[in-house]
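Structure below is target-v1.txt: compact mmCIF, C-alpha atoms.
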```txt
# COMPACT_ATOMS: atom_id res chain seq x y z
CA MET A 166 27.80 -57.58 -12.49
CA GLN A 167 25.44 -55.19 -10.71
CA THR A 168 25.40 -54.96 -6.92
CA ASP A 169 22.85 -53.05 -4.97
CA PRO A 170 23.86 -51.83 -1.47
CA TYR A 171 20.54 -53.01 -0.02
CA THR A 172 19.80 -56.20 -1.80
CA GLY A 173 23.28 -57.30 -2.78
CA PRO A 174 23.66 -59.65 -5.67
CA VAL A 175 20.12 -60.95 -5.45
CA PRO A 176 18.80 -59.32 -8.63
CA VAL A 177 21.66 -60.75 -10.62
CA ALA A 178 21.01 -64.20 -9.21
CA GLU A 179 17.34 -63.73 -9.99
CA TYR A 180 18.20 -62.73 -13.50
CA ALA A 181 20.47 -65.72 -13.95
CA ALA A 182 17.79 -68.00 -12.55
CA GLU A 183 15.27 -66.51 -14.90
CA ALA A 184 17.56 -67.05 -17.87
CA GLU A 185 18.19 -70.63 -16.77
CA LEU A 186 14.45 -71.19 -16.34
CA GLU A 187 13.91 -69.81 -19.81
CA ARG A 188 16.44 -72.20 -21.32
CA SER A 189 15.30 -75.26 -19.40
CA SER A 190 11.62 -74.49 -19.82
CA TRP A 191 12.09 -74.41 -23.56
CA ARG A 192 13.67 -77.88 -23.48
CA ASN A 193 11.10 -79.28 -21.06
CA HIS A 194 8.18 -77.70 -22.77
CA ARG A 195 9.07 -78.77 -26.26
CA THR A 196 7.08 -81.95 -25.63
CA ARG A 197 4.29 -79.96 -24.03
CA LEU A 198 4.25 -77.63 -27.01
CA LEU A 199 3.90 -80.58 -29.38
CA ILE A 200 1.09 -82.02 -27.26
CA LEU A 201 -0.64 -78.63 -27.22
CA GLY A 202 -0.35 -78.37 -31.00
CA GLY A 203 -1.65 -81.91 -31.40
CA VAL A 204 -4.60 -81.25 -29.11
CA ILE A 205 -5.51 -78.10 -31.05
CA ALA A 206 -5.23 -79.91 -34.38
CA LEU A 207 -7.46 -82.71 -33.08
CA ALA A 208 -9.93 -80.21 -31.63
CA VAL A 209 -10.20 -78.35 -34.93
CA ALA A 210 -10.57 -81.63 -36.82
CA TYR A 211 -13.22 -82.83 -34.38
CA MET A 212 -15.19 -79.58 -34.53
CA VAL A 213 -15.20 -79.72 -38.33
CA TYR A 214 -16.22 -83.38 -38.21
CA ALA A 215 -18.90 -82.80 -35.56
CA ALA A 216 -20.33 -79.87 -37.45
CA PHE A 217 -20.76 -81.85 -40.66
CA PRO A 218 -20.85 -85.62 -40.23
CA GLY A 219 -21.13 -87.29 -43.61
CA ASN A 220 -24.70 -88.49 -43.11
CA THR A 221 -26.11 -85.24 -41.84
CA LEU A 222 -26.61 -82.35 -44.22
CA TYR A 223 -27.60 -78.80 -43.59
CA PHE A 224 -30.73 -79.53 -45.60
CA VAL A 225 -32.24 -82.25 -47.82
CA THR A 226 -34.05 -81.61 -51.07
CA VAL A 227 -37.79 -82.23 -51.44
CA SER A 228 -37.27 -85.38 -53.54
CA GLU A 229 -34.74 -86.79 -51.05
CA PHE A 230 -37.23 -86.09 -48.30
CA MET A 231 -40.14 -87.73 -50.10
CA GLU A 232 -38.09 -90.78 -51.20
CA ASP A 233 -36.69 -91.66 -47.78
CA PRO A 234 -39.36 -92.64 -45.20
CA ARG A 235 -36.74 -92.49 -42.41
CA LEU A 236 -36.61 -88.71 -42.84
CA ARG A 237 -40.35 -88.56 -42.27
CA ASP A 238 -40.39 -90.25 -38.86
CA GLY A 239 -40.98 -86.96 -37.05
CA GLN A 240 -37.34 -85.95 -36.62
CA THR A 241 -36.48 -82.28 -36.86
CA LEU A 242 -34.69 -81.42 -40.09
CA ARG A 243 -34.43 -78.88 -42.90
CA VAL A 244 -35.99 -79.34 -46.32
CA ALA A 245 -35.16 -77.01 -49.20
CA GLY A 246 -37.03 -76.37 -52.42
CA ALA A 247 -38.99 -73.82 -54.39
CA LEU A 248 -42.56 -72.70 -53.84
CA ALA A 249 -44.97 -74.62 -56.09
CA PRO A 250 -46.99 -72.23 -58.26
CA ASP A 251 -50.42 -71.29 -56.89
CA SER A 252 -50.00 -73.54 -53.87
CA PHE A 253 -49.98 -70.76 -51.30
CA ARG A 254 -53.07 -69.95 -49.29
CA ARG A 255 -53.65 -68.40 -45.91
CA GLU A 256 -56.43 -68.62 -43.36
CA ASP A 257 -58.42 -65.42 -43.17
CA GLY A 258 -57.44 -63.24 -40.24
CA SER A 259 -54.59 -65.51 -39.15
CA THR A 260 -50.92 -66.12 -39.83
CA LEU A 261 -51.47 -69.82 -40.55
CA SER A 262 -50.40 -70.54 -44.11
CA TYR A 263 -50.40 -73.62 -46.34
CA PHE A 264 -48.11 -74.15 -49.30
CA SER A 265 -46.19 -76.82 -51.23
CA LEU A 266 -42.52 -77.06 -52.10
CA GLY A 267 -40.94 -78.87 -55.04
CA ASP A 268 -37.30 -79.31 -56.03
CA LYS A 269 -35.65 -76.06 -57.04
CA GLN A 270 -34.44 -75.91 -60.62
CA ALA A 271 -30.85 -74.81 -60.99
CA ASP A 272 -30.47 -71.23 -62.23
CA VAL A 273 -34.08 -70.82 -63.37
CA PRO A 274 -37.04 -69.74 -61.26
CA GLY A 275 -39.67 -72.22 -60.17
CA ILE A 276 -39.78 -75.92 -59.41
CA ALA A 277 -38.22 -78.67 -61.51
CA PRO A 278 -40.75 -80.32 -63.86
CA GLY A 279 -42.13 -83.57 -62.45
CA SER A 280 -40.53 -83.12 -59.06
CA PRO A 281 -42.34 -84.54 -56.03
CA GLN A 282 -43.94 -82.00 -53.75
CA VAL A 283 -44.35 -81.72 -50.02
CA GLU A 284 -47.22 -79.87 -48.39
CA ALA A 285 -46.28 -77.62 -45.51
CA THR A 286 -47.90 -75.51 -42.85
CA TYR A 287 -46.42 -72.51 -41.11
CA VAL A 288 -47.63 -70.10 -38.46
CA GLY A 289 -45.93 -66.73 -38.50
CA VAL A 290 -44.65 -63.90 -40.58
CA LEU A 291 -43.05 -64.90 -43.87
CA PRO A 292 -39.60 -63.57 -44.87
CA ASP A 293 -39.60 -60.72 -47.41
CA LEU A 294 -38.24 -62.81 -50.26
CA PHE A 295 -40.50 -65.82 -49.70
CA PHE A 296 -42.47 -65.18 -52.88
CA ASN A 297 -39.52 -64.28 -55.06
CA PRO A 298 -39.30 -66.92 -57.81
CA HIS A 299 -35.49 -67.02 -57.50
CA SER A 300 -35.56 -67.84 -53.82
CA GLU A 301 -34.80 -71.27 -52.50
CA ILE A 302 -36.93 -71.84 -49.43
CA ILE A 303 -35.51 -73.79 -46.50
CA LEU A 304 -38.01 -75.12 -43.96
CA GLU A 305 -37.00 -76.13 -40.45
CA GLY A 306 -39.43 -78.46 -38.78
CA HIS A 307 -40.68 -82.05 -38.81
CA TYR A 308 -43.04 -84.22 -40.82
CA ASP A 309 -46.44 -84.71 -39.27
CA GLY A 310 -47.43 -88.23 -40.29
CA HIS A 311 -51.09 -87.83 -39.30
CA GLY A 312 -51.74 -84.69 -41.32
CA GLU A 313 -49.20 -85.72 -43.96
CA VAL A 314 -47.80 -82.21 -43.91
CA PHE A 315 -44.45 -80.72 -42.99
CA ALA A 316 -44.98 -78.70 -39.81
CA THR A 317 -42.62 -75.77 -40.22
CA ASP A 318 -41.03 -74.06 -37.22
CA ASN A 319 -38.79 -71.63 -39.14
CA ILE A 320 -38.50 -70.49 -42.72
CA LEU A 321 -35.18 -69.41 -44.21
CA VAL A 322 -34.73 -67.98 -47.68
CA LYS A 323 -31.64 -68.71 -49.74
CA CYS A 324 -30.93 -66.21 -52.49
CA PRO A 325 -29.00 -66.70 -55.72
CA SER A 326 -25.27 -65.94 -55.59
CA LYS A 327 -25.63 -63.55 -58.49
CA TYR A 328 -26.31 -59.89 -58.04
CA GLN A 329 -28.12 -57.83 -60.64
CA SER A 330 -28.97 -54.17 -60.69
CA MET A 331 -32.58 -52.99 -60.97
CA GLN A 332 -31.92 -51.06 -64.15
CA SER A 333 -30.58 -53.97 -66.15
CA GLU A 334 -33.05 -55.44 -68.58
CA ASN A 335 -33.03 -59.19 -68.35
CA PRO A 336 -36.14 -61.04 -69.48
CA ASP A 337 -35.16 -64.14 -67.47
CA LEU A 338 -35.31 -62.26 -64.21
CA ILE A 339 -38.60 -61.13 -62.81
CA PRO A 340 -38.23 -58.20 -60.40
CA GLY A 341 -38.89 -59.19 -56.82
CA ALA A 342 -41.42 -56.37 -56.44
CA ALA A 343 -43.77 -57.94 -58.96
CA ALA A 344 -44.19 -61.28 -57.24
CA PRO A 345 -45.38 -60.51 -53.68
CA ALA A 346 -48.77 -59.31 -54.89
CA GLN A 347 -50.31 -62.17 -52.94
CA SER A 348 -48.29 -61.52 -49.79
CA TYR A 349 -49.76 -59.78 -46.82
CA MET B 147 -4.25 -40.14 -45.44
CA LEU B 148 -4.47 -42.40 -48.44
CA THR B 149 -6.55 -44.85 -46.41
CA ALA B 150 -8.93 -42.10 -45.29
CA ALA B 151 -9.36 -40.80 -48.85
CA LEU B 152 -9.91 -44.31 -50.25
CA THR B 153 -12.42 -45.16 -47.53
CA ILE B 154 -14.43 -41.97 -48.10
CA VAL B 155 -14.50 -42.50 -51.87
CA ASP B 156 -15.46 -46.12 -51.25
CA GLY B 157 -18.37 -45.02 -49.08
CA TYR B 158 -19.55 -42.72 -51.88
CA LEU B 159 -19.26 -45.54 -54.44
CA ILE B 160 -21.15 -47.99 -52.24
CA PHE B 161 -24.03 -45.72 -51.26
CA VAL B 162 -24.41 -43.49 -54.30
CA VAL B 163 -22.83 -45.06 -57.38
CA ALA B 164 -23.51 -48.76 -56.84
CA PRO B 165 -26.75 -49.96 -58.39
CA THR B 166 -29.49 -51.26 -56.11
CA ASP B 167 -29.82 -55.01 -56.31
CA GLN B 168 -32.89 -56.26 -58.11
CA VAL B 169 -33.82 -58.99 -55.65
CA LEU B 170 -32.29 -57.93 -52.35
CA GLY B 171 -32.63 -54.15 -52.56
CA HIS B 172 -30.48 -51.72 -50.60
CA ILE B 173 -29.29 -54.28 -48.04
CA GLN B 174 -27.13 -55.83 -50.76
CA ARG B 175 -24.78 -52.80 -50.46
CA ILE B 176 -23.36 -54.35 -47.28
CA PHE B 177 -21.80 -56.86 -49.67
CA TYR B 178 -19.09 -54.31 -50.61
CA ILE B 179 -17.97 -54.26 -46.98
CA HIS B 180 -18.74 -57.84 -45.92
CA VAL B 181 -16.77 -59.53 -48.72
CA PRO B 182 -13.54 -57.41 -48.64
CA ILE B 183 -13.40 -57.54 -44.84
CA SER B 184 -13.80 -61.32 -44.86
CA ILE B 185 -11.05 -61.73 -47.45
CA LEU B 186 -8.69 -59.37 -45.62
CA SER B 187 -9.24 -61.34 -42.41
CA PHE B 188 -7.97 -64.37 -44.35
CA LEU B 189 -4.91 -62.33 -45.35
CA GLY B 190 -4.39 -61.37 -41.71
CA PHE B 191 -4.31 -65.01 -40.66
CA LEU B 192 -2.03 -65.88 -43.58
CA VAL B 193 0.43 -63.21 -42.44
CA CYS B 194 0.08 -64.52 -38.88
CA ALA B 195 0.86 -68.11 -39.94
CA VAL B 196 3.83 -67.11 -42.12
CA ALA B 197 5.26 -64.82 -39.43
CA GLY B 198 4.66 -67.61 -36.89
CA ILE B 199 6.77 -70.00 -39.00
CA GLY B 200 9.40 -67.26 -39.31
CA TYR B 201 9.42 -66.80 -35.55
CA LEU B 202 9.77 -70.51 -34.79
CA ILE B 203 12.72 -70.79 -37.20
CA ARG B 204 14.50 -67.48 -36.64
CA ARG B 205 13.28 -66.47 -33.17
CA GLY B 206 13.36 -62.83 -34.24
CA GLU B 207 11.34 -60.29 -32.28
CA MET B 208 10.12 -58.71 -35.50
CA TRP B 209 8.54 -61.97 -36.71
CA ASP B 210 6.62 -62.18 -33.44
CA ARG B 211 5.48 -58.56 -33.60
CA VAL B 212 4.14 -59.02 -37.13
CA ALA B 213 2.42 -62.30 -36.17
CA HIS B 214 0.79 -60.75 -33.10
CA ALA B 215 -0.30 -57.59 -34.94
CA SER B 216 -1.74 -59.51 -37.92
CA ALA B 217 -3.66 -61.86 -35.61
CA GLU B 218 -5.20 -58.87 -33.81
CA VAL B 219 -6.16 -57.14 -37.08
CA GLY B 220 -7.45 -60.47 -38.43
CA VAL B 221 -9.65 -60.98 -35.35
CA VAL B 222 -11.06 -57.46 -35.71
CA PHE B 223 -11.82 -58.10 -39.39
CA VAL B 224 -13.40 -61.51 -38.91
CA THR B 225 -15.51 -60.06 -36.07
CA LEU B 226 -16.72 -57.34 -38.45
CA ALA B 227 -17.37 -59.99 -41.12
CA LEU B 228 -19.54 -61.92 -38.65
CA ILE B 229 -21.39 -58.75 -37.57
CA THR B 230 -22.06 -57.55 -41.13
CA GLY B 231 -23.12 -61.10 -42.02
CA VAL B 232 -25.60 -61.20 -39.14
CA ILE B 233 -27.03 -57.81 -40.19
CA TRP B 234 -27.36 -59.04 -43.78
CA ALA B 235 -28.83 -62.43 -42.87
CA ARG B 236 -31.74 -61.11 -40.80
CA PRO B 237 -33.65 -59.32 -43.59
CA VAL B 238 -32.66 -61.72 -46.38
CA TRP B 239 -32.58 -65.22 -44.88
CA GLY B 240 -35.06 -64.38 -42.15
CA VAL B 241 -32.75 -65.33 -39.25
CA TRP B 242 -29.81 -63.63 -37.56
CA TRP B 243 -27.81 -66.83 -37.39
CA THR B 244 -28.09 -70.45 -38.47
CA TRP B 245 -25.70 -73.34 -37.82
CA GLU B 246 -24.68 -73.94 -41.39
CA PRO B 247 -21.19 -74.74 -42.80
CA ARG B 248 -19.91 -71.27 -43.78
CA LEU B 249 -21.13 -69.59 -40.61
CA THR B 250 -19.96 -72.36 -38.30
CA THR B 251 -16.47 -72.61 -39.83
CA THR B 252 -16.12 -68.81 -39.66
CA LEU B 253 -17.08 -68.83 -35.98
CA ILE B 254 -14.47 -71.57 -35.41
CA LEU B 255 -11.93 -69.34 -37.18
CA TRP B 256 -12.83 -66.51 -34.82
CA LEU B 257 -12.48 -68.80 -31.79
CA ILE B 258 -9.08 -70.11 -32.96
CA TYR B 259 -7.55 -66.64 -33.25
CA VAL B 260 -9.17 -65.39 -30.05
CA ALA B 261 -7.49 -68.44 -28.46
CA TYR B 262 -4.25 -67.31 -30.13
CA LEU B 263 -4.48 -63.93 -28.39
CA MET B 264 -5.41 -65.54 -25.05
CA ILE B 265 -2.50 -68.00 -25.16
CA ARG B 266 -0.07 -65.11 -25.66
CA HIS B 267 -1.28 -63.48 -22.47
CA TYR B 268 -1.80 -66.54 -20.29
CA ALA B 269 1.45 -68.39 -21.02
CA PRO B 270 3.80 -68.60 -17.97
CA THR B 271 6.58 -66.62 -19.71
CA PRO B 272 6.46 -64.29 -22.73
CA GLN B 273 8.84 -66.61 -24.59
CA GLN B 274 6.45 -69.53 -24.18
CA GLY B 275 3.54 -67.30 -25.15
CA ARG B 276 5.26 -66.38 -28.39
CA ALA B 277 6.14 -69.95 -29.31
CA TRP B 278 2.80 -71.48 -28.34
CA SER B 279 0.75 -68.82 -30.07
CA ALA B 280 2.90 -69.21 -33.20
CA VAL B 281 1.92 -72.90 -33.26
CA VAL B 282 -1.78 -72.00 -32.82
CA GLY B 283 -1.49 -69.40 -35.59
CA ILE B 284 0.04 -71.89 -38.00
CA ILE B 285 -2.36 -74.77 -37.28
CA GLY B 286 -5.34 -72.41 -37.07
CA PHE B 287 -4.74 -71.27 -40.62
CA VAL B 288 -5.95 -74.71 -41.79
CA ASP B 289 -9.48 -73.41 -41.15
CA VAL B 290 -9.15 -70.58 -43.70
CA PRO B 291 -9.42 -72.77 -46.85
CA ILE B 292 -12.17 -74.75 -45.09
CA VAL B 293 -14.13 -71.50 -44.64
CA TYR B 294 -13.55 -70.52 -48.27
CA TYR B 295 -14.54 -73.89 -49.75
CA SER B 296 -17.30 -74.65 -47.21
CA VAL B 297 -19.96 -73.33 -49.60
CA GLN B 298 -18.71 -75.79 -52.24
CA TRP B 299 -18.11 -78.82 -50.06
CA TRP B 300 -21.37 -78.77 -48.15
CA ARG B 301 -24.90 -77.67 -48.81
CA SER B 302 -25.17 -74.19 -47.45
CA ILE B 303 -27.53 -71.25 -47.26
CA HIS B 304 -24.61 -68.89 -47.84
CA PRO B 305 -24.09 -67.70 -51.44
CA VAL B 306 -21.11 -69.25 -53.24
CA GLN B 307 -17.92 -67.29 -53.85
CA VAL B 308 -18.08 -64.17 -55.99
CA ILE B 309 -14.32 -63.69 -56.05
CA GLY B 310 -11.32 -66.04 -56.00
CA PRO B 311 -10.57 -69.30 -57.79
CA GLU B 312 -14.08 -70.77 -57.41
CA ALA B 313 -16.11 -67.72 -58.42
CA ALA B 314 -18.48 -67.78 -61.39
CA ASP B 315 -17.60 -65.36 -64.18
CA ASP B 316 -21.03 -63.78 -64.31
CA ALA B 317 -21.65 -63.57 -60.55
CA LEU B 318 -21.46 -59.78 -60.65
CA GLU B 319 -22.35 -57.05 -63.07
CA PRO B 320 -19.25 -55.19 -64.34
CA ILE B 321 -20.08 -52.05 -62.35
CA MET B 322 -20.59 -54.11 -59.17
CA ALA B 323 -17.35 -56.00 -59.78
CA ARG B 324 -15.44 -52.73 -60.24
CA ILE B 325 -16.83 -51.26 -57.00
CA LEU B 326 -16.00 -54.49 -55.19
CA VAL B 327 -12.39 -54.28 -56.42
CA PHE B 328 -12.21 -50.65 -55.29
CA SER B 329 -13.59 -51.65 -51.87
CA LEU B 330 -10.99 -54.40 -51.68
CA ILE B 331 -8.22 -51.86 -52.34
CA ALA B 332 -9.66 -49.45 -49.74
CA VAL B 333 -9.98 -52.18 -47.10
CA LEU B 334 -6.50 -53.46 -48.00
CA ALA B 335 -5.15 -49.94 -47.36
CA LEU B 336 -6.95 -49.88 -44.00
CA PHE B 337 -5.61 -53.35 -43.18
CA THR B 338 -2.03 -52.36 -44.08
CA TYR B 339 -2.29 -49.14 -42.07
CA LEU B 340 -3.61 -50.93 -38.97
CA LEU B 341 -1.01 -53.67 -39.29
CA LEU B 342 1.94 -51.28 -39.62
CA GLU B 343 0.70 -49.09 -36.75
CA ARG B 344 0.24 -52.13 -34.51
CA VAL B 345 3.69 -53.52 -35.37
CA ALA B 346 5.24 -50.12 -34.54
CA LEU B 347 3.26 -49.99 -31.30
CA ARG B 348 4.42 -53.49 -30.39
CA GLY B 349 8.01 -52.32 -30.98
CA ALA B 350 7.45 -49.38 -28.62
CA GLU B 351 5.88 -51.70 -26.02
CA ASP B 352 8.87 -54.03 -26.19
CA ALA B 353 11.26 -51.09 -25.85
CA VAL B 354 9.39 -49.81 -22.78
CA SER B 355 9.34 -53.18 -21.08
CA ALA B 356 13.07 -53.61 -21.84
CA ILE B 357 13.79 -50.25 -20.18
CA ARG B 358 11.62 -51.18 -17.21
CA ARG B 359 13.37 -54.53 -16.82
CA GLN B 360 16.76 -52.80 -16.99
CA GLY B 361 15.59 -50.29 -14.36
CA ASN B 362 14.65 -53.14 -12.00
CA TYR B 363 18.15 -54.57 -12.06
CA GLU B 364 20.05 -51.32 -11.67
```
Represent the structure contained in this file as structure tokens.
Amino acid sequence: MQTDPYTGPVPVAEYAAEAELERSSWRNHRTRLLILGGVIALAVAYMVYAAFPGNTLYFVTVSEFMEDPRLRDGQTLRVAGALAPDSFRREDGSTLSYFSLGDKQADVPGIAPGSPQVEATYVGVLPDLFFNPHSEIILEGHYDGHGEVFATDNILVKCPSKYQSMQSENPDLIPGAAAPAQSY
Amino acid sequence: MLTAALTIVDGYLIFVVAPTDQVLGHIQRIFYIHVPISILSFLGFLVCAVAGIGYLIRRGEMWDRVAHASAEVGVVFVTLALITGVIWARPVWGVWWTWEPRLTTTLILWLIYVAYLMIRHYAPTPQQGRAWSAVVGIIGFVDVPIVYYSVQWWRSIHPVQVIGPEAADDALEPIMARILVFSLIAVLALFTYLLLERVALRGAEDAVSAIRRQGNYE
């Protein structure tokens, strides 16, 4: 046992008290620890649930959007599809553009044959890969019932999960540089 | 040394040898950093969870040091994954950030392990900090498979996996796949180096605080 001439046995008592606190706190806090763990588990579960409730998706497809009138009541949502061929036009001297989207075909460029289409308007600069035939275009905005167009606030471009070098010769893939001839 | 050499060679491979992507262009090269760093952050949190279980059972100091060090390295890596992702998203998707499944679950992962580090420091006693953070590290790991499978389970703007059990066989050209594997090895070396250094540093910190405590009672 250590004794200090000035403070006497106090540090030892302190040390013993600390050790006792450590032991008792572990017993007392076992419940608290379990509660803490439970709260964290619930919080994680809730955040996952809140981020993706079953009836809300990150985006709907064009055909889902056109089939369900409830989605066209003016609510803000995301619609994904591919650019319909030759549907794009732009007002002269402005950034207002008009275009149509159809359902994206899996793995091949362009829209699925016979898919419904939605007309859209957008004011602003288009993303670089907007005109790439492999791109899936995601529109954020709402349906304007009067004009019967989708009023787009933001455009996002989803790219294929496959990467291909420029040199490789693949007749199915059209180089991105060839398509934006009509872009500004 | 090995890590430095691997990282330099990896930089050469990424910027000189790797082919330019046909659709995305040069920005796609960030892929060779973004993907390995994301995967190694998963490994960091796996080590953290396993060491956390080891600490709760055995109560050994070493378990706690490894858990703490791997959580710190994991947080650094997932932060870099988020930053490289943001840099990649802006030119390709058109936005810096969007609240979609992969991005949101990754941000939650980041928050969980930042909470892990905070709990360590804010707990009333170091012993409680170790035990509580071990629990957070173990439960928090549940988010890792959610992040990995998020692109399968929910509609997402993020590309699907290019490596791991759910990856498509033809997702990458052979040369791209080989450079990705090399990048993975380089980043794994960096990860291991950082982890070992941090564990050693934690050992030194513990030794210093033990000496200081002893000094107080003498």
Find the spatial neighbours of A:Ser326, counting only C-alpha atoms, within a cut-off of 12 Å - ignore same-chain residues fewer than 4 positions away - and output them as a short mmCIF file (atom, residue, chain, number, x, y, z; two decimals) with C-alpha atoms, keeping the file's coordinate frame.
```cif
data_model
loop_
_atom_site.label_atom_id
_atom_site.label_comp_id
_atom_site.auth_asym_id
_atom_site.auth_seq_id
_atom_site.Cartn_x
_atom_site.Cartn_y
_atom_site.Cartn_z
CA ALA A 271 -30.85 -74.81 -60.99
CA ASP A 272 -30.47 -71.23 -62.23
CA HIS A 299 -35.49 -67.02 -57.50
CA SER A 300 -35.56 -67.84 -53.82
CA GLU A 301 -34.80 -71.27 -52.50
CA ASP B 167 -29.82 -55.01 -56.31
CA VAL B 169 -33.82 -58.99 -55.65
CA LEU B 170 -32.29 -57.93 -52.35
CA GLN B 174 -27.13 -55.83 -50.76
CA PHE B 177 -21.80 -56.86 -49.67
CA VAL B 297 -19.96 -73.33 -49.60
CA SER B 302 -25.17 -74.19 -47.45
CA ILE B 303 -27.53 -71.25 -47.26
CA HIS B 304 -24.61 -68.89 -47.84
CA PRO B 305 -24.09 -67.70 -51.44
CA VAL B 306 -21.11 -69.25 -53.24
CA GLN B 307 -17.92 -67.29 -53.85
CA VAL B 308 -18.08 -64.17 -55.99
CA ILE B 309 -14.32 -63.69 -56.05
CA ALA B 313 -16.11 -67.72 -58.42
CA ALA B 314 -18.48 -67.78 -61.39
CA ASP B 315 -17.60 -65.36 -64.18
CA ASP B 316 -21.03 -63.78 -64.31
CA ALA B 317 -21.65 -63.57 -60.55
CA LEU B 318 -21.46 -59.78 -60.65
CA GLU B 319 -22.35 -57.05 -63.07
#
```
*Output the contact residues of chain A with respect to chain B at a cut-off of 7 Å, based on all atoms listed in the file, as a list in words.*
Gln167, Pro176, Leu198, Gly202, Ala206, Leu222, Tyr223, Phe224, Pro292, Leu294, Leu321, Val322, Lys323, Pro325, Ser326, Lys327, Tyr328, Gln329, Ser330, Met331, Pro340 and Gly341 of chain A
*From the list B:Val219, B:Leu253, B:Leu192, B:Val181, which residue is nearest B:Val293 when using all atoms listed in the file?*
B:Leu253
Applying 7 Å and all atoms listed in the file, which residues near stretch 242-257 of chain A remain after dropping the ones on its own chain fewer than 6 positions away? List them as a PDB file with C-alpha atoms, in the coordinates of the input.
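The resulting file, part.pdb, is shown below:
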```
ATOM      1  CA  TYR A 223     -27.600 -78.800 -43.590  1.00  0.00           C
ATOM      2  CA  PHE A 224     -30.730 -79.530 -45.600  1.00  0.00           C
ATOM      3  CA  VAL A 225     -32.240 -82.250 -47.820  1.00  0.00           C
ATOM      4  CA  THR A 226     -34.050 -81.610 -51.070  1.00  0.00           C
ATOM      5  CA  VAL A 227     -37.790 -82.230 -51.440  1.00  0.00           C
ATOM      6  CA  TYR A 263     -50.400 -73.620 -46.340  1.00  0.00           C
ATOM      7  CA  PHE A 264     -48.110 -74.150 -49.300  1.00  0.00           C
ATOM      8  CA  SER A 265     -46.190 -76.820 -51.230  1.00  0.00           C
ATOM      9  CA  LEU A 266     -42.520 -77.060 -52.100  1.00  0.00           C
ATOM     10  CA  GLY A 267     -40.940 -78.870 -55.040  1.00  0.00           C
ATOM     11  CA  ASP A 268     -37.300 -79.310 -56.030  1.00  0.00           C
ATOM     12  CA  LYS A 269     -35.650 -76.060 -57.040  1.00  0.00           C
ATOM     13  CA  GLY A 275     -39.670 -72.220 -60.170  1.00  0.00           C
ATOM     14  CA  ILE A 276     -39.780 -75.920 -59.410  1.00  0.00           C
ATOM     15  CA  SER A 300     -35.560 -67.840 -53.820  1.00  0.00           C
ATOM     16  CA  GLU A 301     -34.800 -71.270 -52.500  1.00  0.00           C
ATOM     17  CA  ILE A 302     -36.930 -71.840 -49.430  1.00  0.00           C
ATOM     18  CA  ILE A 303     -35.510 -73.790 -46.500  1.00  0.00           C
ATOM     19  CA  LEU A 304     -38.010 -75.120 -43.960  1.00  0.00           C
ATOM     20  CA  GLU A 305     -37.000 -76.130 -40.450  1.00  0.00           C
ATOM     21  CA  GLY A 306     -39.430 -78.460 -38.780  1.00  0.00           C
ATOM     22  CA  HIS A 307     -40.680 -82.050 -38.810  1.00  0.00           C
TER      23      HIS A 307
END
```
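You can rank B:Ala195, B:Ala213, B:Ile203, B:Leu159 by their closest distance to B:Val345 using only C-alpha atoms, and at the top of that list sits B:Ala213.
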_Between atom CA of A:Arg237 and atom CA of A:Met212 - distance in Å to one decimal_ = 27.8 Å
*So how far away is atom CA of B:Thr149 from atom CA of B:Ile173, in Å?*
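Separating atom CA of B:Ile173 from atom CA of B:Thr149 is a distance of 24.7 Å.
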